[in-house]
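Notes to accompany the following structure.
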Amino acid sequence: MKTFKLGGVHPPENKFSSSEAIQTLPIPKKVFVSVSQHLGAPATVLVKRGDEVKTGQLIAKSSGFISANIHSPVTGKVSKLDNVMDQSGYKRPAIIIDTTEDVWEDGIDTTPDINREITLTKDEIIKRINEMGVVGLGGATFPTHVKMMVPDGKKAEYLIINGVECEPYLTSDHRLMLEKGEEMLIGTTILMKALGVAKAIVGIESNKPDAIQHLTQLATKFNGITVQALKVKYPQGGEKQLIKALTGREVPSAKLPIETGCVVDNVGTAFAVYEAVQKNKPLIERVVTVTGKAAKKPSNFRVRVGTPISELIEHAGGVPENLGKIIGGGPMMGKALMSAEAPIVKGSSGILLMPLEESDRAAMKSCIRCARCVSACPMGLEPYLIAQEVSHKMWDRTEADKVMDCIECGSCQYTCPSGRPLLDYIRLGKFKVGQIIRSRGKN
Amino acid sequence: MYGVVIAMIPALIVSIYFFGLGAVKVILISVIACLFFEWAIQKFLIKGKSTIGDGSAMITGVLLAFNVPSNLPIGIIIIGAFVSIAIAKMSFGGLGKNPFNPALVGRVFLLISFPVQMTSWPIPKPLFSSVVTDAITGPTPLGIVKEGLKSGETVSNIMSQVPTYAEGIIGGIGGSLGEVSVIALLIGAIYMFIKKIITWEIPVAFIGSVVIFTGILYLINPEMYISPIFHLVTGGLALGVFFMATDMVTSPMSSKGMLIFGLGAGVITVIIRVWGAYPEGVSFAILIMNAFVPLINKGFKPARFGKI
């Protein structure tokens with residue numbers, strides 16, 4: 001079975017919610033719709049206080065090449081434009097809407113019927129994806145239409161659909177593949193048409209045999225789509241690792257996947273593309289896993305964007321007594337939340353409820369130079385060295401040791417026997433070196 | 001860290017079996033002295049939290065004991081423990097900061113300062129056995145070979161005076177505490193390998209280079225150079241390869257670097273054993289390679305993903 005070669009770790013999978021069917025969460029009374037829930041420039045707000053909006057109505061417009069449209073996830077009245085604390089803990093501009101009912105914009109197909117025929121042309125598809133505000137749902141939230149526009153001189157050969165879901169605990173992609181497999185594959189075919197590629201590979205780790213079997217069977221009805229089982233290893237869902245595992249090609253340092261002729265999209269994105277193109281439905285809801293060792297009822301929810309995280313926890317059995325920490329995302333790459341009132345955004349894949357006894361970090365001890373971080377790093381970096389350079393503020397050497405290649409998978413920190421916060425140092429290093437590189441460009 | 005301590009238990013038992021109370025005494029004093037010096041320095045000089053719980057001082061204590069004869073006077077053991085912990089480890093900032101293997105620094109210091117006491121090895125005498133010998137101490141097999149070759153004897157003559165290969169593997173040859181039984185050390189090494197405390201690179205490169213180098217010499221003239229197998233089963237090679245060359249703190253970080261490290265240590269060991277003044281060269285070889293580690297780390301970086 002295929003996998004990537006360099007580094008990687010095997011954290012306990014703990015996929016408690018993998019057999020829980022996706023439930024639709026009731027629409028909340030109030031939603032907080034952030035205008036910067038994608039990579040790139042924040043969207044420009046189109047509504048003002050007191051405006052009546054319908055579900056699916058455009059409420060903030062893409063403000064640049066790398067930016068995305070934002071649509072109202074509910075029907076109601078704009079009660080406020082304010083700064084709201086998001087999952088990173090910073091206050092960012094958001095549109096707050098009081099829900100009244102659920103009336104969809106005209107032209108949106110809300111029926112459950114599967115629409116199989118693809119009528120739009122290549123350019124129309126990209127335009128539609130852009131209009132509907134589709135971004136990468138794997139977590140990076142890169143605007144999907146930008147990915148579809150292959151730069152001059154480059155050629156896309158493979159579309160890779162990422163169904164790896166290598167983060168422990170999370171099951172939202174797994175459930176989506178099982179329950180919306182056909183729609184997802186139609187979305188894949190649409191993406192193939194937009195890119196002009198004849199081949200697509202769906203990569204799924206072997207710990208999801210039901211999804212592999214289901215999609216392999218469905219894929220026989222589609223042209224050019226193959227499903228490839230992968231040996232379980234974290235971080236296989238990283239796009240560079242996935243390309244390496246599936247095609248053997250290596251994305252060069254500081255370059256984009258298109259250099260290897262590959263474009264990678266998450267299964268959730270493929271489903272969102274299906275809904276955008278075939279149903280004319282903007283990206284206003286997604287599947288979120290609420291789980292963790294403290295969670296009373298690990299569940300998978302279909303949630304409207306802007307729903308406060310506390311509502312999801314309420315429907316997953318409520319706040320547990322021994323709750324120590326809430327993490328937005330998976331345990332490896334996710335970040336601890338400042339507040340459970342932070343809203344769900346397009347990139348939220350999971351909410352993790354950690355029990356008290358697992359919430360504290362191990363005491364930090366001296367680095368014993370055991371080199372486990374070096375052998376765990378999937379990018380072939382030297383995390384112990386970069387952490388040391390960052391702690392001494394040696395930014396030039398931090399850059400020379402390729403801190404910008406780091407994909408922040410956290411394997412180094414996971415494997416460290418001395419409990420050193422390697423990823424924290426490296427993130428700081430990436431931030432500082434990134435600033436230095438950008439300021440160099442201005443001169 | 002305690003994994004290494006567990007891995008040393010088989011060799012510990014074998015050494016007590018062959019050397020009796022002497023071994024118990026040396027090991028206890030060495031471990032207690034190492035723990036004491038680390039605790040005292042941390043408390044009174046560095047004024048930091050106690051670090052003796054991390055297990056590294058205990059490993060240094062046992063390794064130091066493994067590297068000395070079982071009849072070493074108490075005072076000398078304590079001096080060795082002081083050099084290992086105070087000079088070779090704590091003066092660099094404690095665990096993780098020391099460039100040289102502390103136990104080896106202590107051992108080499110004692111070897112140079114107390115050459116007589118450090119090279120009079122008691123004859124191994126298994127517990128409960130009724131073997132009575134007149135001799136109390138005797139040379140190690142490598143010592144016999146070195147002396148023999150120096151006085152112009154041929155290898156085949158010398159080989160009749162030294163223990164057989166089987167004795168070398170199972171145990172019972174003269175030497176320091178920890179080097180009497182290759183098989184006991186091997187059991188510990190397999191445990192560390194399974195527990196992922198050590199990786200394959202250094203042992204394979206170290207042993208490989210010793211076998212290849214001595215093999216070439218043996219093929220050139222078997223009457224002047226002893227066989228590679230003899231080199232493998234005698235002296236501190238197994239102890240050095242599995243327990244000291246693989247020390248995380250003082251060995252390189254990348255896979256390539258570890259191979260270079262093992263290769264260099266093997267070559268230096270053979271050079272000292274064959275042409276040097278001392279019969280045994282493992283400790284010097286490892287210490288010399290320790291000095292090259294920063295350079296190796298700079299020169300042999302791990303394979304980077306997407307390197308252009």
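Chain identifiers are assigned as A, B, and so on, following the order in which chains appear in the structure tokens; residues are numbered from 1 within each chain, and ligands are numbered from 1 in order of appearance.
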Contacts of chain B with chain A up to 6 Å, shortest pair per row, only C-alpha atoms, as a tab-separated table:
residue	atom	partner	partner_atom	distance
B:Gly96	CA	A:Ile368	CA	4.2
B:Met248	CA	A:Cys370	CA	4.7
B:Val249	CA	A:Arg369	CA	5.0
B:Met253	CA	A:Ala371	CA	5.1
B:Pro302	CA	A:Gly380	CA	5.8
B:Ala303	CA	A:Gly380	CA	5.6
B:Arg304	CA	A:Gly380	CA	4.1
B:Phe305	CA	A:Met379	CA	4.7
B:Gly306	CA	A:Pro252	CA	4.0
B:Lys307	CA	A:Ser253	CA	5.7
Atomic separation - CA of Gly318 in chain A relative to CA of Ser172 in chain A, Å:
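Atom-to-atom, CA of Ser172 in chain A and CA of Gly318 in chain A are spaced 19.6 Å apart.
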For Ile296 in chain B, list every protein, DNA or RNA residue within 8 Å, evaluated using only C-alpha atoms, and leave out those in the same chain fewer than 6 positions away; present the list as a short mmCIF file (atom, residue, chain, number, x, y, z; two decimals) with C-alpha atoms, in the first residue's frame.
data_model
loop_
_atom_site.label_atom_id
_atom_site.label_comp_id
_atom_site.auth_asym_id
_atom_site.auth_seq_id
_atom_site.Cartn_x
_atom_site.Cartn_y
_atom_site.Cartn_z
CA PRO B 252 24.82 13.14 15.30
CA GLY B 257 25.59 11.72 10.10
CA ILE B 260 29.65 8.64 9.31
CA PHE B 261 30.00 8.70 13.10
#
Excluding range 33-44 of chain A and residues on its chain fewer than 3 positions from it, collect all residues at most 8 Å away from it, counting only C-alpha atoms, and give them as an NGL selection string.
:A and (60-64 or 66-70 or 72 or 84 or 86 or 92-97 or 135 or 140-143 or 305-306 or 343 or 345-347)
Quick one: residues within 10 Å of Gly196 in chain A, only C-alpha atoms counted, chain neighbours fewer than 3 positions away excluded, as a tab-separated table (two decimals) with C-alpha atoms, in the first residue's frame?
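part-v3.tsv was written with the following content:
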chain	number	residue	atom	x	y	z
A	122	LYS	CA	-14.98	25.18	-18.09
A	148	MET	CA	-8.59	26.03	-10.81
A	150	VAL	CA	-3.62	26.97	-13.87
A	155	LYS	CA	-0.11	22.03	-16.99
A	156	ALA	CA	-2.38	20.15	-14.66
A	157	GLU	CA	-2.25	16.40	-15.12
A	158	TYR	CA	-3.91	14.99	-12.02
A	159	LEU	CA	-6.70	16.17	-9.79
A	190	ILE	CA	-16.77	19.09	-12.41
A	191	LEU	CA	-13.36	20.01	-11.03
A	192	MET	CA	-11.69	17.77	-13.63
A	193	LYS	CA	-13.57	19.61	-16.36
A	199	LYS	CA	-7.34	11.71	-14.35
Can you list, as an NGL selection string, every protein, DNA or RNA residue that comes within 9 Å of His231 in chain B when you count only C-alpha atoms, leaving out same-chain residues fewer than 6 positions away?
:B and (142 or 210-211 or 214 or 237 or 270 or 273)
Please list as a ChimeraX atom specification every residue within 6 Å of Leu356 in chain A, counting only C-alpha atoms and excluding residues in the same chain fewer than 4 positions away.
/A:322-324
For CA of Ile284 in chain A and CA of Pro73 in chain A, the interatomic separation in Å (one decimal):
5.0 Å
Can you pull out every residue from range 14-259 of chain A that DSSP, working from the backbone, puts in helix (DSSP H, G or I), and format the result as a ChimeraX atom specification?
/A:122-131,144-148,172-179,181-195,209-219,239-247,257-259
For a test of reading the model, state the distance in Å between CA of Ile258 in chain A and CA of Gly237 in chain A, rounded to one decimal.
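Calculated distance between CA of Ile258 in chain A and CA of Gly237 in chain A is 16.9 Å.
Distance annotation: of A:Thr121, A:Gln278, A:Gln213, A:Gln87, the residue with the minimal separation from Ile326 in chain A is A:Gln87; atom set is only C-alpha atoms.
Closest to Val103 in chain A among A:Ile27, A:Ala219, A:Val134, A:Met394 is A:Ile27, based on only C-alpha atoms.
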A:Gln23, A:Thr188, A:Asn115, A:Thr247: which is nearest Asn223 in chain A, counting only C-alpha atoms?
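Among A:Gln23, A:Thr188, A:Asn115, A:Thr247, it is A:Thr188 that comes nearest to Asn223 in chain A.
Of the residues under consideration (A:Arg116, A:Lys221, A:Ala340, A:Lys297), A:Lys297 shows the shortest atom-to-atom contact distance to Pro320 in chain A when counting only C-alpha atoms.
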